[in-house]
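Have a look at the structure below before the remarks.
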Amino acid sequence: MSTSTSHRPIAHGRTTTPPAAPVRRRSRRPWAGRGHLVAAALLTLAFVSPVYLTIVNAFKTQDQIVRDPAAPPAPPTTHNLSDALARPDRIVQIGLTNSAVTVAISVLLIIPLGAALSFWLSRRSARLRRIVLAAFAAGLMIPPAVVLLPTIRVLTFLHLDHTYPGLVLANVGGGYLSFAVFVYSGFLRSIPGEIIEAATVDGAGSLRIWRTIVMPLLRPATATVTIFLSLWIWNDFMNPQFILGPLHGQTITTGLYLSVGQYSTNYAQLFGVMFLAAVIPVAGYLALQKQFIAGLTSGATK
């Protein structure tokens, strides 16, 4: 009586097993992908629409703006820009100059202070570093409106209220310095300690190490801090409005506020002022965008 034998092939004494059945992946629901696309498109539209309205209405007449604010200018006109520059109160020229000077002085003070303090913290113990950073975190978490009145009282005590030095001091002592310290502290963790130790062995002091070694290495972080702080200080309305006051000075943001009439508003001229107010920040960003992107990329990979 013959018995049936298996005819499975044998290779080198090992029996081959049949391949496992492929696992079927669950196909992604098409409505989920479309929903994400629609949500992204709506979010993008929400951010882009104010920019679009500012640009198109800056080159339209008052009647065109009132008739259809979202329509493109047909035909475009540059009278809004010339009218904004020809205002008798020189609100654009004075506002742009004051804003530029305030931003420049504030950033030039915050950057070395933030970098030096961060470098000092990097050489301290971890416990002290956590305590100091926790204190600076309060400057980012507390709303500026909460500390506005105490800030004004301190400036009044120092006889710096209603002055531009008082406004600069409020910018330096506010949450802007906290932001700079956090950015620089994160970048300093990526600098090898051997570099600082080698410079110390060579006899270099802390100030020289910070000036000649640390600051050049922090160039991408400095560009990132410069762009963020410049935009925040440039767009700030509350500090200039309450610290300077409308009778003692104005920045470009408070100038926009003064351009809005109580009973009627010349929207064509207002959009012209808004367009001119955005030229300098956009030009500054385009000039530093390479360093800005390098700073974000370096900070994300360290």
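Here, A, B, ... name the chains of the structure tokens in the order displayed, residue numbers run from 1 inside each chain, and ligands are numbered from 1 in the same displayed order.
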Mind dumping a table of every region 106-176 of chain A residue within 10 Å of region 189-193 of chain A, with the nearest atom pair and its distance in Å to one decimal, using only C-alpha atoms, sorted by chain and rising number, as CSV?
```
residue,atom,partner,partner_atom,distance
A:Phe119,CA,A:Arg189,CA,9.9
A:Ser122,CA,A:Arg189,CA,7.6
A:Arg123,CA,A:Gly193,CA,9.5
```
Any idea what's packed within 10 Å of region 159-167 of chain A, counting only C-alpha atoms, ignoring anything in its chain fewer than 6 positions away? Could you give it as a ChimeraX atom specification?
-> /A:98,101-102,105-106,151-153,173,239-250
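The nearest approach to Ser259 (chain A) among the residues A:Asp236, A:Glu197, A:Asp202, A:Asp89, with only C-alpha atoms taken into account, belongs to A:Asp89.
Every protein, DNA or RNA residue with an atom at most 9 Å from Ile196 (chain A), where only C-alpha atoms count and chain neighbours fewer than 4 positions away do not, is listed here: A:Ile191, A:Pro192, A:Thr200, A:Val201, A:Ile209, A:Ile213, A:Val214.
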Could you save those same residues with N, CA and C atoms as a PDB file, in the first residue's frame?
```pdb
ATOM      1  N   ILE A 191      26.072  75.120  21.164  1.00  0.00           N
ATOM      2  CA  ILE A 191      27.489  75.473  21.039  1.00  0.00           C
ATOM      3  C   ILE A 191      28.312  74.524  21.902  1.00  0.00           C
ATOM      4  N   PRO A 192      29.282  73.826  21.327  1.00  0.00           N
ATOM      5  CA  PRO A 192      30.100  72.909  22.141  1.00  0.00           C
ATOM      6  C   PRO A 192      30.831  73.642  23.256  1.00  0.00           C
ATOM      7  N   THR A 200      39.036  79.892  27.279  1.00  0.00           N
ATOM      8  CA  THR A 200      39.362  80.222  28.672  1.00  0.00           C
ATOM      9  C   THR A 200      40.790  79.813  29.003  1.00  0.00           C
ATOM     10  N   VAL A 201      41.194  78.637  28.505  1.00  0.00           N
ATOM     11  CA  VAL A 201      42.573  78.177  28.731  1.00  0.00           C
ATOM     12  C   VAL A 201      43.572  79.119  28.077  1.00  0.00           C
ATOM     13  N   ILE A 209      35.238  86.442  25.216  1.00  0.00           N
ATOM     14  CA  ILE A 209      34.648  85.223  24.655  1.00  0.00           C
ATOM     15  C   ILE A 209      33.265  85.514  24.104  1.00  0.00           C
ATOM     16  N   ILE A 213      33.527  85.212  20.129  1.00  0.00           N
ATOM     17  CA  ILE A 213      33.220  83.814  19.821  1.00  0.00           C
ATOM     18  C   ILE A 213      31.718  83.557  19.834  1.00  0.00           C
ATOM     19  N   VAL A 214      31.057  83.954  20.918  1.00  0.00           N
ATOM     20  CA  VAL A 214      29.648  83.603  21.085  1.00  0.00           C
ATOM     21  C   VAL A 214      28.757  84.383  20.116  1.00  0.00           C
TER      22      VAL A 214
END
```
At what distance in Å, to one decimal, does CA of Val56 (chain A) lie from CA of Thr44 (chain A)?
-> 17.9 Å
